[in-house]
Amino acid sequence: MKEFDTIIIGAGTAGLTAAIYAQRAGLRCVVLEGTLYGGQITNTPDVENYPALEKVSGFDFAMSLYNQATSFGAVVEMEEVTGVSLEGETKTVKTPSEEYQAKTVILANGAKRRKLGVPGEEEFSGKGVSYCATCDGAFYRGRDVAIVGGGNTALEDALYLADNCKTVHLVHRRDSFRASQVVVDSVLRRENIVVHYDSAVQSILGDTQVKTVVLENKKTGETQDLAVDGVFVAVGMVPDNAMFAPVQLDETGYIVAQEDCKTNVPGVFVAGDTRTKFLRQLVTAAADGAVAATQAANFLRI
């Protein structure tokens, strides 16, 4: 059994920022991560929208954040969380090899981008396949791209891309959108957005970079090759928060919390993509981490 002041679950931007602020507040903290520290940003070749950093690779950003957190004394353990007990004054978090206890817990486990599951998607991830238009769209200025999805995120991303790209092919597997009508109307008015209804991506092709997206019409079975330089996937996020009961989740599985990062369970806070929020970006994840750690410190002082 190892005891700390706070346990942080997840070593992405939110979790490592929380560790920095927790250690600077005088807390003894441990960060538990089951895969790779840094989170999804490690797969992004270039980050250009983080304040004060004109350009940095996702890997270098994650490395710097990790080094900063550990330099302040944060303990980072590469262990998968297998169970938690969050009720009561003392919280327990279990991994395959250890049990950790603390009076506060920060949930920063993130959310996974839902993938298409088609040939070429994994191969070209970071080489033309992206899951964040606001992160990577500027790299395709003046070029042809495709975006896959039919909800508000996909259509808003299509509008964002249309301001930079030559042509945006919007691929949707149904014959109508699930987005709000005002967003749909905006998309349909844009001359450089081409909508492909009733269509799904069959495969993604290229050499060292994406070159072609193969579409299949779900009604006719016909296929079509689109020459594009990038494919943006916007078919939703997948949170994984069931193990954190009794923490309250919304209908889609995100942890319910406002900008104060407090959950409904005393002593349990949340940061980053795993919580209900309007914008999921590096800068908002970092902000959440700072808030959650400060809240944990205040909770322990009272």
# chains A, B, ... in the order shown; residues from 1 in each chain; ligands from 1
$ residues_around --residues "Ser176 in chain A" --least-positions-apart "5" --cutoff "9 Å" --atoms "only C-alpha atoms" --output "MDAnalysis selection string"
chainID A and resid 150 197:198
$ select_by_dssp --residues "range 87-271 of chain A" --states "strand (DSSP E)" --output "PyMOL selection string"
chain A and resi 91-94+99-102+104-107+111-113+129-130+144-148+167-171+193-196+199-206+210-217+223-227+230-233+237-239+268-270
$ write_last_selection --atoms "C-alpha atoms" --output "short mmCIF file (atom, residue, chain, number, x, y, z; two decimals), in the first residue's frame"
data_model
loop_
_atom_site.label_atom_id
_atom_site.label_comp_id
_atom_site.auth_asym_id
_atom_site.auth_seq_id
_atom_site.Cartn_x
_atom_site.Cartn_y
_atom_site.Cartn_z
CA LYS A 91 -9.79 6.79 -1.68
CA THR A 92 -8.17 3.61 -3.01
CA VAL A 93 -6.90 3.04 -6.54
CA LYS A 94 -5.76 -0.43 -7.57
CA GLU A 99 -2.78 -0.32 -4.16
CA TYR A 100 -2.60 3.46 -3.74
CA GLN A 101 -4.46 5.53 -1.17
CA ALA A 102 -5.09 9.26 -0.93
CA THR A 104 -8.10 13.22 -3.14
CA VAL A 105 -8.21 11.79 -6.65
CA ILE A 106 -8.00 13.62 -9.98
CA LEU A 107 -9.52 11.78 -12.93
CA ALA A 111 -11.26 10.04 -24.01
CA LYS A 112 -10.41 8.12 -27.14
CA ARG A 113 -11.27 9.30 -30.62
CA VAL A 129 -5.12 10.88 -41.06
CA SER A 130 -6.07 13.21 -38.22
CA ASP A 144 -8.03 18.96 -50.83
CA VAL A 145 -9.17 17.05 -47.75
CA ALA A 146 -11.97 14.77 -46.60
CA ILE A 147 -13.78 14.82 -43.29
CA VAL A 148 -15.90 11.92 -42.08
CA THR A 167 -11.95 21.57 -51.32
CA VAL A 168 -13.48 19.79 -48.33
CA HIS A 169 -15.23 16.48 -49.03
CA LEU A 170 -17.75 15.84 -46.25
CA VAL A 171 -18.50 12.11 -46.04
CA ILE A 193 -17.64 21.86 -49.31
CA VAL A 194 -18.76 18.83 -51.32
CA VAL A 195 -21.18 16.56 -49.45
CA HIS A 196 -21.15 12.80 -50.07
CA SER A 199 -21.27 7.09 -48.16
CA ALA A 200 -18.65 5.42 -45.98
CA VAL A 201 -14.89 5.23 -46.19
CA GLN A 202 -13.86 1.82 -47.49
CA SER A 203 -10.09 2.34 -47.32
CA ILE A 204 -7.37 4.97 -47.16
CA LEU A 205 -4.49 4.72 -49.63
CA GLY A 206 -1.16 6.44 -50.17
CA VAL A 210 -2.42 9.90 -47.72
CA LYS A 211 -3.23 10.18 -51.41
CA THR A 212 -6.66 8.63 -51.90
CA VAL A 213 -9.84 7.85 -49.97
CA VAL A 214 -12.04 5.11 -51.37
CA LEU A 215 -15.75 5.70 -50.69
CA GLU A 216 -18.59 3.22 -50.94
CA ASN A 217 -22.17 4.35 -51.50
CA THR A 223 -17.20 2.97 -55.09
CA GLN A 224 -15.47 6.27 -55.73
CA ASP A 225 -11.83 7.34 -55.39
CA LEU A 226 -11.23 10.80 -53.92
CA ALA A 227 -7.79 12.35 -54.40
CA GLY A 230 -5.73 14.54 -45.63
CA VAL A 231 -8.56 12.68 -43.93
CA PHE A 232 -10.16 14.07 -40.78
CA VAL A 233 -12.16 11.62 -38.69
CA MET A 237 -15.29 10.30 -28.81
CA VAL A 238 -15.30 7.26 -26.55
CA PRO A 239 -14.98 7.97 -22.81
CA VAL A 268 -12.74 13.61 -6.46
CA PHE A 269 -11.94 16.06 -9.24
CA VAL A 270 -11.74 15.74 -13.01
#
$ closest_residue --among "A:Ala18, A:Ala234, A:Ile8, A:Met243" --to "Val84 in chain A" --atoms "only C-alpha atoms"
A:Met243
$ atom_distance --atom1 "CA of Ser85 in chain A" --atom2 "CA of Thr13 in chain A"
24.4 Å
$ closest_residue --among "A:Ser186, A:Gln23, A:Thr35, A:Thr134" --to "Asn164 in chain A" --atoms "only C-alpha atoms"
A:Thr134
$ closest_atom_pairs --of "range 84-133 of chain A" --to "range 45-66 of chain A" --cutoff "12 Å" --atoms "only C-alpha atoms" --output "CSV"
residue,atom,partner,partner_atom,distance
A:Ser125,CA,A:Pro45,CA,10.0
A:Gly126,CA,A:Pro45,CA,6.4
A:Lys127,CA,A:Pro45,CA,8.4
A:Gly128,CA,A:Pro45,CA,10.4
A:Val129,CA,A:Pro45,CA,11.3
A:Ser130,CA,A:Pro45,CA,10.3
A:Cys132,CA,A:Val47,CA,11.3
A:Ala133,CA,A:Asn49,CA,11.8
$ write_last_selection --atoms "C-alpha atoms" --output "CSV table (one decimal), in the first residue's frame"
chain,number,residue,atom,x,y,z
A,125,SER,CA,-2.3,8.1,-38.6
A,126,GLY,CA,-0.2,11.3,-38.3
A,127,LYS,CA,0.6,11.0,-42.0
A,128,GLY,CA,-2.6,12.5,-43.4
A,129,VAL,CA,-5.1,10.9,-41.1
A,130,SER,CA,-6.1,13.2,-38.2
A,132,CYS,CA,-8.5,17.0,-34.8
A,133,ALA,CA,-9.3,19.6,-37.5
$ atom_distance --atom1 "CA of Glu77 in chain A" --atom2 "CA of Leu27 in chain A"
16.7 Å
$ residues_around --residues "Pro246 in chain A" --least-positions-apart "6" --cutoff "12 Å" --atoms "only C-alpha atoms" --output "list in words"
Val84, Ser85, Leu86, Glu87, Gly88, Ile255, Val256, Thr263, Asn264, Val265, Pro266 and Val268 of chain A
$ write_last_selection --atoms "N, CA and C atoms" --output "compact mmCIF listing (two decimals), in the first residue's frame"
# COMPACT_ATOMS: atom_id res chain seq x y z
N VAL A 84 -11.19 1.11 -8.51
CA VAL A 84 -11.13 2.26 -7.61
C VAL A 84 -12.22 2.15 -6.55
N SER A 85 -11.98 2.77 -5.42
CA SER A 85 -12.98 2.95 -4.36
C SER A 85 -12.91 4.42 -3.97
N LEU A 86 -13.88 5.20 -4.40
CA LEU A 86 -13.80 6.65 -4.29
C LEU A 86 -14.66 7.24 -3.18
N GLU A 87 -15.49 6.44 -2.56
CA GLU A 87 -16.33 6.94 -1.48
C GLU A 87 -15.56 6.95 -0.16
N GLY A 88 -15.98 7.80 0.75
CA GLY A 88 -15.32 7.86 2.05
C GLY A 88 -14.17 8.84 2.05
N ILE A 255 -17.75 12.53 -17.57
CA ILE A 255 -17.91 12.89 -16.16
C ILE A 255 -18.50 14.29 -16.06
N VAL A 256 -19.57 14.42 -15.30
CA VAL A 256 -20.26 15.70 -15.18
C VAL A 256 -19.47 16.62 -14.25
N THR A 263 -16.38 16.97 -9.12
CA THR A 263 -17.40 15.96 -9.39
C THR A 263 -18.41 15.97 -8.25
N ASN A 264 -19.39 15.09 -8.33
CA ASN A 264 -20.38 14.99 -7.27
C ASN A 264 -19.86 14.25 -6.04
N VAL A 265 -18.67 13.68 -6.11
CA VAL A 265 -18.08 12.94 -4.99
C VAL A 265 -17.04 13.81 -4.31
N PRO A 266 -17.19 14.11 -3.02
CA PRO A 266 -16.22 14.95 -2.32
C PRO A 266 -14.80 14.37 -2.41
N VAL A 268 -13.02 14.14 -5.12
CA VAL A 268 -12.74 13.61 -6.46
C VAL A 268 -12.95 14.72 -7.48
$ closest_residue --among "A:Cys29, A:Ala179, A:Ala138, A:Ala285" --to "Asp163 in chain A" --atoms "only C-alpha atoms"
A:Ala138
